[in-house]
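What follows is the content of coords01.txt, which has compact mmCIF, C-alpha atoms and all ligand atoms:
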# COMPACT_ATOMS: atom_id res chain seq x y z
CA MET Z 244 85.13 -23.80 -169.79
CA ASN Z 245 84.52 -22.81 -166.17
CA VAL Z 246 84.99 -25.90 -164.05
CA PRO Z 247 82.18 -25.97 -161.45
CA SER Z 248 83.73 -25.50 -158.01
CA GLN Z 249 80.97 -27.25 -156.13
CA VAL Z 250 81.56 -30.83 -155.03
CA LEU Z 251 78.55 -33.10 -155.24
CA ASN Z 252 76.81 -32.82 -151.89
CA PRO Z 253 73.09 -33.58 -152.17
CA PRO Z 254 70.91 -33.04 -149.10
CA CYS Z 255 69.70 -36.07 -147.14
CA ARG Z 256 65.95 -35.83 -147.66
CA THR Z 257 63.12 -37.79 -146.13
CA LEU Z 258 61.53 -39.01 -149.35
CA LEU Z 259 57.78 -39.24 -148.83
CA GLY Z 260 56.68 -38.35 -152.33
CA ALA Z 261 55.43 -40.49 -155.18
CA GLY Z 262 58.93 -41.92 -155.60
CA PRO Z 263 61.82 -42.31 -155.33
CA SER Z 264 61.75 -43.54 -151.74
CA ASN Z 265 64.73 -43.57 -149.39
CA ILE Z 266 67.17 -46.40 -149.85
CA HIS Z 267 68.66 -48.70 -147.24
CA PRO Z 268 72.36 -48.06 -146.42
CA ARG Z 269 73.18 -51.53 -147.76
CA VAL Z 270 71.74 -50.55 -151.15
CA GLN Z 271 73.79 -47.36 -151.02
CA MET Z 272 76.91 -49.38 -150.25
CA ALA Z 273 76.20 -51.86 -153.04
CA MET Z 274 76.50 -49.01 -155.51
CA ALA Z 275 80.03 -48.28 -154.30
CA ALA Z 276 81.17 -51.88 -154.94
CA PRO Z 277 83.88 -52.41 -157.59
CA LEU Z 278 82.65 -52.38 -161.14
CA VAL Z 279 83.00 -55.57 -163.17
CA GLY Z 280 82.13 -56.17 -166.80
CA HIS Z 281 78.58 -56.98 -167.84
CA LEU Z 282 79.74 -60.42 -169.06
CA ASP Z 283 82.07 -61.10 -166.11
CA PRO Z 284 81.42 -64.53 -164.54
CA TYR Z 285 80.88 -62.80 -161.18
CA PHE Z 286 78.27 -60.49 -162.67
CA GLN Z 287 76.54 -63.46 -164.27
CA THR Z 288 76.06 -65.01 -160.82
CA ILE Z 289 74.57 -61.70 -159.67
CA MET Z 290 72.25 -61.75 -162.71
CA ASP Z 291 71.10 -65.29 -161.83
CA ASP Z 292 70.51 -64.32 -158.19
CA THR Z 293 68.66 -61.17 -159.20
CA MET Z 294 66.35 -63.13 -161.49
CA ALA Z 295 65.65 -65.68 -158.75
CA LEU Z 296 64.97 -62.92 -156.20
CA LEU Z 297 62.65 -61.17 -158.67
CA ARG Z 298 60.73 -64.41 -159.24
CA HIS Z 299 60.29 -64.67 -155.49
CA LEU Z 300 59.05 -61.07 -155.31
CA PHE Z 301 56.66 -61.34 -158.28
CA ARG Z 302 55.60 -64.77 -156.94
CA THR Z 303 56.13 -66.42 -160.28
CA GLU Z 304 57.91 -69.31 -161.89
CA ASN Z 305 58.27 -67.39 -165.15
CA LYS Z 306 61.66 -68.05 -166.69
CA LEU Z 307 61.75 -64.62 -168.32
CA THR Z 308 61.88 -62.52 -165.16
CA PHE Z 309 64.58 -59.84 -165.17
CA PRO Z 310 65.19 -56.11 -164.78
CA ILE Z 311 64.85 -54.09 -167.98
CA SER Z 312 67.47 -51.34 -168.22
CA GLY Z 313 65.40 -48.20 -167.93
CA THR Z 314 62.83 -46.78 -165.53
CA GLY Z 315 59.30 -48.07 -164.98
CA SER Z 316 58.23 -46.48 -168.27
CA ALA Z 317 60.67 -48.77 -170.10
CA GLY Z 318 58.84 -51.71 -168.52
CA MET Z 319 55.56 -50.24 -169.73
CA GLU Z 320 56.86 -49.62 -173.24
CA ALA Z 321 58.38 -53.10 -173.51
CA SER Z 322 55.05 -54.59 -172.40
CA PHE Z 323 53.06 -52.91 -175.14
CA ASP Z 324 55.68 -52.89 -177.88
CA ASN Z 325 56.34 -56.64 -177.67
CA PHE Z 326 52.76 -57.84 -177.40
CA LEU Z 327 50.79 -55.50 -179.65
CA GLU Z 328 51.01 -54.73 -183.32
CA PRO Z 329 48.76 -53.12 -185.95
CA GLY Z 330 45.44 -54.96 -186.17
CA ASP Z 331 45.41 -55.97 -182.49
CA VAL Z 332 42.86 -54.69 -179.99
CA ALA Z 333 43.74 -53.75 -176.40
CA VAL Z 334 41.38 -52.82 -173.57
CA ILE Z 335 43.01 -50.51 -171.03
CA GLY Z 336 41.71 -49.20 -167.69
CA VAL Z 337 42.16 -45.46 -167.34
CA ASN Z 338 41.63 -43.83 -163.95
CA GLY Z 339 44.75 -41.73 -163.73
CA VAL Z 340 47.95 -40.57 -165.40
CA PHE Z 341 49.48 -44.02 -165.72
CA GLY Z 342 46.43 -45.56 -167.36
CA GLU Z 343 46.61 -42.67 -169.81
CA ARG Z 344 50.29 -43.36 -170.38
CA MET Z 345 49.44 -46.99 -171.11
CA VAL Z 346 46.93 -45.87 -173.74
CA ASP Z 347 49.57 -43.65 -175.35
CA ASN Z 348 52.07 -46.53 -175.40
CA ALA Z 349 49.55 -48.97 -176.83
CA GLN Z 350 48.42 -46.54 -179.53
CA ARG Z 351 52.02 -46.08 -180.69
CA THR Z 352 52.14 -49.79 -181.62
CA GLY Z 353 49.38 -49.22 -184.17
CA ALA Z 354 46.90 -51.36 -182.22
CA THR Z 355 43.30 -50.30 -181.68
CA VAL Z 356 42.93 -49.15 -178.10
CA VAL Z 357 39.68 -49.28 -176.15
CA PRO Z 358 40.02 -47.21 -172.98
CA VAL Z 359 37.71 -48.09 -170.07
CA ALA Z 360 37.56 -44.93 -168.01
CA ALA Z 361 36.67 -44.25 -164.38
CA GLU Z 362 36.88 -41.20 -162.13
CA TRP Z 363 40.39 -40.31 -160.98
CA GLY Z 364 40.09 -41.61 -157.43
CA ASP Z 365 37.92 -44.61 -158.20
CA ILE Z 366 38.59 -48.14 -159.43
CA ILE Z 367 37.92 -49.55 -162.89
CA GLU Z 368 34.70 -51.56 -162.60
CA PRO Z 369 34.88 -55.16 -163.87
CA ALA Z 370 31.43 -54.73 -165.49
CA ALA Z 371 32.77 -51.88 -167.64
CA VAL Z 372 35.76 -53.99 -168.67
CA GLU Z 373 33.48 -56.91 -169.51
CA ALA Z 374 31.29 -54.66 -171.65
CA ALA Z 375 34.39 -53.54 -173.60
CA LEU Z 376 35.62 -57.12 -174.02
CA LYS Z 377 32.19 -58.16 -175.26
CA ALA Z 378 31.83 -55.24 -177.62
CA HIS Z 379 35.19 -55.80 -179.30
CA LYS Z 380 35.66 -59.35 -180.42
CA LYS Z 381 39.16 -60.82 -180.22
CA VAL Z 382 40.76 -58.48 -177.71
CA LYS Z 383 44.41 -59.45 -177.40
CA LEU Z 384 45.39 -57.63 -174.23
CA LEU Z 385 43.72 -56.29 -171.11
CA ALA Z 386 45.92 -53.80 -169.24
CA LEU Z 387 45.48 -52.29 -165.80
CA VAL Z 388 47.46 -50.27 -163.29
CA HIS Z 389 47.48 -52.01 -159.91
CA ALA Z 390 48.32 -48.96 -157.77
CA GLU Z 391 47.52 -45.75 -159.67
CA THR Z 392 50.17 -43.38 -158.31
CA SER Z 393 48.36 -40.27 -159.49
CA THR Z 394 45.34 -41.01 -157.26
CA GLY Z 395 46.31 -43.59 -154.61
CA ILE Z 396 43.78 -46.17 -155.80
CA LEU Z 397 44.58 -49.87 -155.48
CA GLN Z 398 42.80 -51.76 -158.24
CA PRO Z 399 41.40 -55.20 -157.25
CA LEU Z 400 42.50 -57.74 -159.84
CA GLY Z 401 40.53 -60.93 -159.05
CA ASP Z 402 37.62 -60.24 -161.39
CA MET Z 403 39.96 -58.88 -164.06
CA SER Z 404 41.90 -62.10 -164.03
CA LYS Z 405 38.67 -64.10 -164.52
CA LEU Z 406 37.63 -61.83 -167.39
CA ALA Z 407 41.00 -62.18 -169.11
CA LYS Z 408 40.64 -65.97 -168.93
CA GLU Z 409 37.02 -65.96 -170.09
CA TYR Z 410 37.71 -63.66 -173.05
CA GLU Z 411 41.06 -65.32 -173.80
CA CYS Z 412 43.19 -62.21 -173.71
CA LEU Z 413 46.54 -61.55 -172.06
CA LEU Z 414 46.43 -59.77 -168.70
CA LEU Z 415 49.06 -57.04 -168.31
CA VAL Z 416 49.48 -55.33 -164.94
CA ASP Z 417 51.56 -52.29 -163.95
CA THR Z 418 52.86 -52.86 -160.41
CA VAL Z 419 55.25 -49.91 -160.30
CA THR Z 420 53.78 -48.57 -157.04
CA SER Z 421 52.56 -51.85 -155.57
CA LEU Z 422 55.34 -54.42 -155.97
CA ALA Z 423 57.09 -55.03 -152.61
CA GLY Z 424 54.53 -52.87 -150.80
CA HIS Z 425 51.25 -54.60 -151.58
CA GLU Z 426 50.48 -58.22 -152.29
CA VAL Z 427 51.33 -59.10 -155.90
CA ALA Z 428 51.01 -62.76 -156.93
CA VAL Z 429 51.68 -63.02 -160.65
CA ASP Z 430 51.06 -66.75 -161.08
CA ASP Z 431 48.16 -67.13 -158.63
CA TRP Z 432 46.40 -64.10 -160.07
CA GLY Z 433 46.78 -65.22 -163.68
CA ILE Z 434 48.86 -62.20 -164.70
CA ASP Z 435 50.59 -62.86 -168.02
CA ILE Z 436 52.81 -59.77 -168.23
CA CYS Z 437 53.88 -57.59 -165.34
CA TYR Z 438 56.37 -54.77 -164.81
CA ALA Z 439 57.44 -52.49 -161.99
CA GLY Z 440 60.04 -49.84 -161.17
CA THR Z 441 62.89 -49.97 -158.67
CA GLN Z 442 62.42 -46.61 -156.98
CA LYS Z 443 59.16 -47.11 -155.11
CA CYS Z 444 58.42 -49.95 -152.67
CA LEU Z 445 61.63 -51.77 -153.68
CA SER Z 446 63.63 -48.84 -152.29
CA CYS Z 447 66.31 -48.77 -154.89
CA PRO Z 448 67.29 -45.76 -157.03
CA PRO Z 449 65.32 -45.29 -160.26
CA GLY Z 450 66.80 -46.91 -163.33
CA LEU Z 451 65.54 -50.48 -163.72
CA ALA Z 452 62.14 -51.97 -164.52
CA PRO Z 453 61.60 -55.45 -163.06
CA PHE Z 454 59.67 -57.42 -165.66
CA THR Z 455 58.11 -60.85 -166.02
CA ALA Z 456 56.12 -62.62 -168.75
CA ASN Z 457 54.85 -66.18 -168.87
CA GLU Z 458 55.24 -68.75 -171.66
CA LYS Z 459 51.71 -68.08 -172.95
CA ALA Z 460 52.49 -64.39 -173.45
CA LEU Z 461 55.87 -65.11 -175.02
CA ALA Z 462 54.30 -67.59 -177.43
CA VAL Z 463 51.83 -64.88 -178.48
CA SER Z 464 54.63 -62.37 -179.02
CA GLN Z 465 56.60 -64.89 -181.10
CA LYS Z 466 53.66 -65.17 -183.49
CA ARG Z 467 53.76 -61.47 -184.34
CA SER Z 468 53.95 -60.64 -188.00
CA HIS Z 469 56.25 -57.63 -187.46
CA LYS Z 470 59.33 -57.28 -185.28
CA ALA Z 471 58.84 -55.22 -182.12
CA HIS Z 472 59.32 -51.58 -183.05
CA SER Z 473 61.96 -50.99 -180.40
CA TRP Z 474 65.27 -52.79 -180.84
CA TYR Z 475 66.38 -51.85 -177.33
CA LEU Z 476 63.27 -53.29 -175.68
CA ASP Z 477 62.81 -56.31 -177.95
CA LEU Z 478 62.19 -59.18 -175.50
CA SER Z 479 63.50 -61.84 -177.85
CA LEU Z 480 66.88 -60.04 -177.90
CA LEU Z 481 66.82 -59.16 -174.21
CA SER Z 482 66.02 -62.70 -173.22
CA SER Z 483 69.06 -64.01 -175.08
CA TYR Z 484 71.20 -61.88 -172.76
CA TRP Z 485 69.29 -62.36 -169.51
CA ALA Z 486 67.61 -65.75 -169.80
CA THR Z 487 69.19 -68.00 -172.39
CA GLY Z 488 72.64 -67.45 -173.83
CA ARG Z 489 74.17 -64.44 -172.02
CA VAL Z 490 74.68 -63.05 -175.49
CA TYR Z 491 75.67 -59.37 -175.50
CA HIS Z 492 72.74 -57.11 -176.31
CA HIS Z 493 73.50 -53.87 -174.48
CA THR Z 494 75.86 -53.03 -171.65
CA ALA Z 495 73.83 -53.79 -168.54
CA PRO Z 496 73.95 -51.07 -165.87
CA VAL Z 497 76.07 -53.23 -163.56
CA THR Z 498 75.97 -50.88 -160.56
CA MET Z 499 72.20 -50.57 -160.71
CA VAL Z 500 71.88 -54.35 -160.81
CA TYR Z 501 74.08 -54.56 -157.68
CA ALA Z 502 71.70 -52.11 -156.01
CA LEU Z 503 68.64 -54.07 -157.06
CA HIS Z 504 70.21 -57.32 -155.95
CA GLU Z 505 70.83 -55.85 -152.49
CA ALA Z 506 67.34 -54.33 -152.27
CA LEU Z 507 65.79 -57.68 -153.24
CA ALA Z 508 67.92 -59.53 -150.68
CA LEU Z 509 66.64 -57.10 -148.01
CA ILE Z 510 63.06 -57.70 -149.13
CA ALA Z 511 63.52 -61.49 -148.99
CA ALA Z 512 65.05 -61.20 -145.51
CA GLU Z 513 62.12 -59.11 -144.26
CA GLY Z 514 59.61 -61.52 -145.82
CA LEU Z 515 56.94 -60.55 -148.33
CA GLU Z 516 54.07 -60.90 -145.90
CA ALA Z 517 55.79 -58.88 -143.18
CA ARG Z 518 56.66 -56.20 -145.68
CA VAL Z 519 53.10 -55.87 -146.94
CA LYS Z 520 51.88 -55.70 -143.32
CA ARG Z 521 54.40 -52.95 -142.56
CA HIS Z 522 53.13 -50.90 -145.52
CA LEU Z 523 49.53 -51.46 -144.46
CA ARG Z 524 50.23 -50.45 -140.88
CA HIS Z 525 51.98 -47.21 -141.77
CA GLY Z 526 49.57 -46.32 -144.57
CA ALA Z 527 46.65 -46.79 -142.18
CA ALA Z 528 48.34 -44.68 -139.48
CA LEU Z 529 49.00 -41.84 -141.92
CA GLN Z 530 45.46 -41.95 -143.26
CA SER Z 531 43.99 -41.94 -139.72
CA GLY Z 532 46.16 -38.96 -138.80
CA LEU Z 533 45.20 -36.97 -141.89
CA LYS Z 534 41.49 -37.68 -141.35
CA ALA Z 535 41.72 -36.70 -137.67
CA MET Z 536 43.13 -33.35 -138.85
CA GLY Z 537 39.92 -32.84 -140.80
CA LEU Z 538 41.57 -33.47 -144.17
CA VAL Z 539 39.76 -35.36 -146.92
CA LEU Z 540 41.40 -38.38 -148.52
CA HIS Z 541 40.91 -38.38 -152.25
CA ALA Z 542 40.81 -42.08 -153.17
CA ARG Z 543 37.66 -44.14 -152.65
CA GLU Z 544 37.79 -45.52 -149.12
CA GLU Z 545 37.67 -49.28 -149.67
CA TYR Z 546 40.35 -49.15 -152.35
CA ARG Z 547 43.07 -46.96 -150.86
CA ALA Z 548 46.66 -47.97 -151.45
CA SER Z 549 48.93 -47.90 -148.41
CA SER Z 550 52.03 -47.11 -150.43
CA LEU Z 551 50.55 -43.85 -151.77
CA THR Z 552 47.98 -41.64 -150.06
CA SER Z 553 46.28 -38.78 -151.84
CA VAL Z 554 44.81 -36.02 -149.71
CA ARG Z 555 42.83 -33.00 -150.85
CA ILE Z 556 44.37 -29.59 -150.27
CA PRO Z 557 41.90 -27.71 -148.05
CA PRO Z 558 40.33 -24.53 -149.43
CA GLY Z 559 42.39 -21.42 -148.68
CA VAL Z 560 45.64 -23.36 -148.31
CA ASP Z 561 48.45 -22.82 -150.83
CA GLY Z 562 49.34 -26.46 -151.61
CA GLY Z 563 52.50 -25.60 -153.54
CA ARG Z 564 53.81 -23.44 -150.70
CA VAL Z 565 53.26 -26.28 -148.21
CA ILE Z 566 55.23 -28.66 -150.46
CA GLN Z 567 58.08 -26.14 -150.74
CA ARG Z 568 58.17 -25.40 -147.01
CA LEU Z 569 58.15 -29.10 -146.12
CA LEU Z 570 61.25 -29.50 -148.28
CA LYS Z 571 63.01 -26.34 -147.16
CA GLU Z 572 62.21 -26.36 -143.46
CA PHE Z 573 61.80 -30.06 -142.72
CA ASN Z 574 63.78 -31.76 -145.49
CA ILE Z 575 60.67 -33.77 -146.34
CA GLU Z 576 59.60 -34.38 -149.94
CA ILE Z 577 55.95 -34.98 -150.74
CA SER Z 578 54.34 -34.67 -154.20
CA GLY Z 579 51.60 -32.57 -155.71
CA GLY Z 580 48.78 -33.71 -157.97
CA LEU Z 581 49.16 -34.57 -161.65
CA GLY Z 582 46.92 -33.74 -164.60
CA PRO Z 583 43.43 -32.65 -163.51
CA LEU Z 584 44.42 -33.16 -159.85
CA ARG Z 585 47.27 -30.65 -160.06
CA GLY Z 586 46.83 -28.06 -157.30
CA LYS Z 587 44.01 -30.13 -155.78
CA ILE Z 588 45.78 -32.92 -153.91
CA TRP Z 589 49.01 -33.77 -152.16
CA ARG Z 590 50.43 -37.24 -152.63
CA VAL Z 591 52.33 -38.89 -149.80
CA GLY Z 592 54.32 -42.03 -150.42
CA LEU Z 593 55.22 -44.45 -147.65
CA MET Z 594 57.22 -46.84 -149.73
CA GLY Z 595 59.88 -49.40 -148.85
CA HIS Z 596 62.53 -47.97 -146.55
CA SER Z 597 60.49 -44.75 -146.19
CA SER Z 598 57.49 -46.64 -144.77
CA THR Z 599 58.13 -46.14 -141.05
CA GLY Z 600 56.10 -45.02 -138.05
CA GLU Z 601 58.67 -42.29 -137.39
CA ASN Z 602 58.10 -40.82 -140.84
CA VAL Z 603 54.33 -40.82 -140.31
CA ILE Z 604 54.70 -38.84 -137.06
CA LEU Z 605 57.32 -36.54 -138.55
CA LEU Z 606 55.16 -35.65 -141.52
CA LEU Z 607 51.94 -35.17 -139.54
CA ASN Z 608 53.73 -32.87 -137.09
CA ALA Z 609 55.30 -30.80 -139.82
CA LEU Z 610 52.07 -30.64 -141.78
CA GLU Z 611 50.13 -29.50 -138.72
CA LYS Z 612 52.53 -26.61 -138.16
CA LEU Z 613 52.41 -25.50 -141.78
CA LEU Z 614 48.62 -25.85 -142.02
CA LEU Z 615 48.14 -23.73 -138.90
CA GLU Z 616 50.39 -21.08 -140.46
CA GLU Z 617 48.28 -21.26 -143.63
CA GLY Z 618 45.25 -20.34 -141.49
CA TYR Z 619 43.73 -23.84 -141.48
CA VAL Z 620 42.05 -24.60 -138.19
CA VAL Z 621 43.25 -27.84 -136.64
CA GLU Z 622 43.44 -28.95 -133.02
CA ARG Z 623 47.10 -29.31 -132.04
CA GLY Z 624 48.36 -32.90 -131.86
CA VAL Z 625 45.15 -34.48 -133.11
CA GLY Z 626 46.72 -36.04 -136.22
CA VAL Z 627 49.74 -37.46 -134.42
CA THR Z 628 47.52 -38.81 -131.62
CA ALA Z 629 45.30 -40.64 -134.11
CA ALA Z 630 48.33 -42.02 -135.96
CA ILE Z 631 49.91 -43.29 -132.74
CA ARG Z 632 46.64 -44.91 -131.76
CA SER Z 633 46.51 -46.63 -135.14
CA LEU Z 634 50.15 -47.73 -134.88
CA ASN Z 635 49.51 -49.22 -131.45
CA ALA Z 636 46.24 -50.93 -132.40
C1 LIG Z 701 51.99 -46.62 -161.80
C2 LIG Z 701 53.19 -46.11 -162.55
N1 LIG Z 701 53.47 -46.63 -163.75
C3 LIG Z 701 54.53 -46.20 -164.45
C4 LIG Z 701 55.38 -45.23 -163.96
C5 LIG Z 701 56.55 -44.78 -164.75
O1 LIG Z 701 57.73 -45.07 -164.08
P1 LIG Z 701 59.05 -44.21 -164.27
O2 LIG Z 701 58.76 -42.82 -163.81
O3 LIG Z 701 60.02 -44.93 -163.38
O4 LIG Z 701 59.41 -44.27 -165.69
C6 LIG Z 701 55.13 -44.68 -162.70
C7 LIG Z 701 55.98 -43.63 -162.15
O5 LIG Z 701 55.69 -42.97 -161.19
C8 LIG Z 701 54.00 -45.13 -161.98
O6 LIG Z 701 53.72 -44.63 -160.78
Can you turn what I pasted into structure tokens?
Amino acid sequence: MNVPSQVLNPPCRTLLGAGPSNIHPRVQMAMAAPLVGHLDPYFQTIMDDTMALLRHLFRTENKLTFPISGTGSAGMEASFDNFLEPGDVAVIGVNGVFGERMVDNAQRTGATVVPVAAEWGDIIEPAAVEAALKAHKKVKLLALVHAETSTGILQPLGDMSKLAKEYECLLLVDTVTSLAGHEVAVDDWGIDICYAGTQKCLSCPPGLAPFTANEKALAVSQKRSHKAHSWYLDLSLLSSYWATGRVYHHTAPVTMVYALHEALALIAAEGLEARVKRHLRHGAALQSGLKAMGLVLHAREEYRASSLTSVRIPPGVDGGRVIQRLLKEFNIEISGGLGPLRGKIWRVGLMGHSSTGENVILLLNALEKLLLEEGYVVERGVGVTAAIRSLNA
């Protein structure tokens, strides 16, 4: 075998795509800390702290609040696999890739799935959800994506929470792109099951899926007539490692938990409210700058996320080339569109440690240069000026 001669030397990018975001140096350092065993008493104190910090972040008292080993999709799969089984009915909002992924997950459990669709760039209307709940008696689960990363829409949840109560179904919310960047209040909002990912507004590498479920949801899952299909994601087994007995289930990714612990400690130190305000401020500045450059934001105005902004690629501009040049010439990563929006939008993430005023200015400057070279007519400095005005407002 030829031994590769290259030592690992990844570039230091400015990560402004749909995730991962940049990580804080303290999170980086946490991953270099000495490894201990997954049942080591020291690690168990880190597990306890991590669960407490996650409860604080999710704003919940739920006992079963812990990081699932796996990316955000593992959180999604655990949420459907443990709460649905053949014969159940689930209503799922679909206005982007991740709503579609939810449908796919739910269908694999054998449940009947009722998708409630909306345009990709719009919210799911509560009236449409209510119609679906009314039409299908005994719906067990209503599932929604809070921040749809494929479009930049932030779904309001107040009415959905009322509907879930009225129709007596569990409310499941994907907060992969909102948790730690937007307000998420699991208990106050009546969310029964919630999951996220570490690599977005939490600013941790990908690899864990923060998860929480309340007693009502767990009681429902305990009444299932079949075991959860997935052994690895079976909450009754996972909870005996994380929440009750510290009984070995699988070897927890110790280093990733260190990283999450550190990221959560940084979030707690910043304060949830301050952090949400920071995301709002920078998201608004970016969106003002893009609009001042004559670009069209894709998501419906009143419901734009600040963690993820989608912007339409102007006619005549090669969107893929702009993405490549941003990476090559400016070391900046942004993302392209997914599914039907592929080639039509760019997606810019301002998440966690990447959500800074400097990054907004950096990106708008670089984008202006590249757009001018693509033949797009834009007045020099107009985007940055608007962003600075917004930042100073
Ligand atoms: C809203 C949403 N849900 C689920 C996922 C899946 O997470 P992961 O890619 O970490 O598996 C993502 C990933 O981007 C997401 O944005």
Query - 8 Å contact set for stretch 259-267 of chain Z, all atoms listed in the file, chain neighbours under 2 positions out, as a ChimeraX atom specification - result: /Z:257,269-271,392,442-444,446-449,506,551,575-578,590-597
So that I have them on file, write out the residues from the current selection with C-alpha atoms, as a JSON list (two decimals), in the frame of the given file.
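Now in part-v4.json:
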[["chain", "number", "residue", "atom", "x", "y", "z"],
["Z", 257, "THR", "CA", 63.12, -37.79, -146.13],
["Z", 269, "ARG", "CA", 73.18, -51.53, -147.76],
["Z", 270, "VAL", "CA", 71.74, -50.55, -151.15],
["Z", 271, "GLN", "CA", 73.79, -47.36, -151.02],
["Z", 392, "THR", "CA", 50.17, -43.38, -158.31],
["Z", 442, "GLN", "CA", 62.42, -46.61, -156.98],
["Z", 443, "LYS", "CA", 59.16, -47.11, -155.11],
["Z", 444, "CYS", "CA", 58.42, -49.95, -152.67],
["Z", 446, "SER", "CA", 63.63, -48.84, -152.29],
["Z", 447, "CYS", "CA", 66.31, -48.77, -154.89],
["Z", 448, "PRO", "CA", 67.29, -45.76, -157.03],
["Z", 449, "PRO", "CA", 65.32, -45.29, -160.26],
["Z", 506, "ALA", "CA", 67.34, -54.33, -152.27],
["Z", 551, "LEU", "CA", 50.55, -43.85, -151.77],
["Z", 575, "ILE", "CA", 60.67, -33.77, -146.34],
["Z", 576, "GLU", "CA", 59.60, -34.38, -149.94],
["Z", 577, "ILE", "CA", 55.95, -34.98, -150.74],
["Z", 578, "SER", "CA", 54.34, -34.67, -154.20],
["Z", 590, "ARG", "CA", 50.43, -37.24, -152.63],
["Z", 591, "VAL", "CA", 52.33, -38.89, -149.80],
["Z", 592, "GLY", "CA", 54.32, -42.03, -150.42],
["Z", 593, "LEU", "CA", 55.22, -44.45, -147.65],
["Z", 594, "MET", "CA", 57.22, -46.84, -149.73],
["Z", 595, "GLY", "CA", 59.88, -49.40, -148.85],
["Z", 596, "HIS", "CA", 62.53, -47.97, -146.55],
["Z", 597, "SER", "CA", 60.49, -44.75, -146.19]]
If you count all atoms listed in the file, which residues fall within 12 Å of Z:Lys377, apart from same-chain ones fewer than 6 positions away, as a PDB file with C-alpha atoms, in the frame of the given file?
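Output contents, as saved in around.pdb:
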ATOM      1  CA  VAL Z 334      41.380 -52.820-173.570  1.00  0.00           C
ATOM      2  CA  VAL Z 357      39.680 -49.280-176.150  1.00  0.00           C
ATOM      3  CA  ALA Z 370      31.430 -54.730-165.490  1.00  0.00           C
ATOM      4  CA  ALA Z 371      32.770 -51.880-167.640  1.00  0.00           C
ATOM      5  CA  LEU Z 406      37.630 -61.830-167.390  1.00  0.00           C
ATOM      6  CA  ALA Z 407      41.000 -62.180-169.110  1.00  0.00           C
ATOM      7  CA  GLU Z 409      37.020 -65.960-170.090  1.00  0.00           C
ATOM      8  CA  TYR Z 410      37.710 -63.660-173.050  1.00  0.00           C
ATOM      9  CA  GLU Z 411      41.060 -65.320-173.800  1.00  0.00           C
ATOM     10  CA  CYS Z 412      43.190 -62.210-173.710  1.00  0.00           C
TER      11      CYS Z 412
END
request  = Could you pull out the residues sitting within 9 Å of ligand LIG 701 (chain Z), using all atoms listed in the file, and write them as a PyMOL selection string?
outcome  = chain Z and resi 261-263+313-319+339-342+344-345+388-393+417-421+438-443+449-452
Just give me the gap between atom CA of Z:Asp292 and atom CA of Z:Ala276 in Å, one decimal is fine.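 Separation between atom CA of Z:Asp292 and atom CA of Z:Ala276: 16.7 Å.
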Please report, as AutoDock Vina command-line options, the centre and edge lengths in Å to one decimal of an axis-aligned box covering all listed atoms of stretch 433-450 of chain Z with 3 Å per side.
--center_x 57.0 --center_y -55.3 --center_z -160.3 --size_x 26.5 --size_y 25.9 --size_z 21.9
- Task: Around the point (34.1, -45.0, -163.8) in the file's coordinates, collect all residues with an atom within 12 Å, using only C-alpha atoms, and return them as number ranges by chain.
- Result: Z: 336-339, 358-372, 543
In Å, with one decimal, what is the gap from atom CA of Z:Ala333 to atom CA of Z:His379?
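Between these atoms lies a distance of 9.3 Å.
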Nearest to Z:Leu376, restricted to all atoms listed in the file and choosing among Z:His522, Z:His493, Z:Lys408, Z:Lys612, comes out as Z:Lys408
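Separating atom CA of Z:Glu611 from atom CA of Z:Pro254 is a distance of 23.5 Å.
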Practice task
Please provide the set of residues having any atom within 12 Å of stretch 478-481 of chain Z, restricted to all atoms listed in the file, with same-chain residues fewer than 3 positions apart removed, written as a PyMOL selection string.
Solution key: chain Z and resi 307-312+317-318+320-326+436+454-456+460-462+464-467+470-475+484-495
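Near Z:Glu572, within 12 Å and counting only C-alpha atoms, sit Z:Arg256, Z:Thr257, Z:Arg564, Z:Val565, Z:Ile566, Z:Leu606, Z:Ala609, Z:Leu610, Z:Lys612, Z:Leu613, not including residues fewer than 6 positions from it in the same chain.
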Shortest interatomic distance to Z:Leu540 - which of Z:Ser598, Z:Pro453, Z:Thr498, Z:Thr394, counting all atoms listed in the file:
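Between Z:Ser598, Z:Pro453, Z:Thr498, Z:Thr394, the residue approaching Z:Leu540 most closely is Z:Thr394.
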Using all atoms listed in the file, the shortest atom-to-atom distance to Z:Ser468 among Z:Asp331, Z:Glu617, Z:Asp291, Z:Asp347 belongs to Z:Asp331
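Of the residues listed (Z:Leu569, Z:Ile556, Z:Leu533, Z:Leu414), Z:Leu533 shows the shortest atom-to-atom separation from Z:Thr628; distances use all atoms listed in the file.
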From the list Z:Ala273, Z:Ala517, Z:Leu413, Z:Val332, the nearest residue to Z:Ala378 using only C-alpha atoms is Z:Val332
| task | Find the residue from Z:Pro268, Z:Gly563, Z:Pro399, Z:Gly600 that sits nearest to Z:His525; use all atoms listed in the file when measuring. | result |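 Smallest distance to Z:His525 is found for Z:Gly600.
Remark: residues at most 7 Å from position (53.6, -63.1, -160.0) in file coordinates are Z:Phe301, Z:Arg302, Z:Thr303, Z:Val427, Z:Ala428, Z:Val429, Z:Asp430, Z:Asp431, Z:Ile434, using only C-alpha atoms.
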Writing out the chosen residues with C-alpha atoms as a CSV table (one decimal), in the coordinates of the input:
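Result went into selection_14.csv, see below:
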chain,number,residue,atom,x,y,z
Z,301,PHE,CA,56.7,-61.3,-158.3
Z,302,ARG,CA,55.6,-64.8,-156.9
Z,303,THR,CA,56.1,-66.4,-160.3
Z,427,VAL,CA,51.3,-59.1,-155.9
Z,428,ALA,CA,51.0,-62.8,-156.9
Z,429,VAL,CA,51.7,-63.0,-160.6
Z,430,ASP,CA,51.1,-66.8,-161.1
Z,431,ASP,CA,48.2,-67.1,-158.6
Z,434,ILE,CA,48.9,-62.2,-164.7
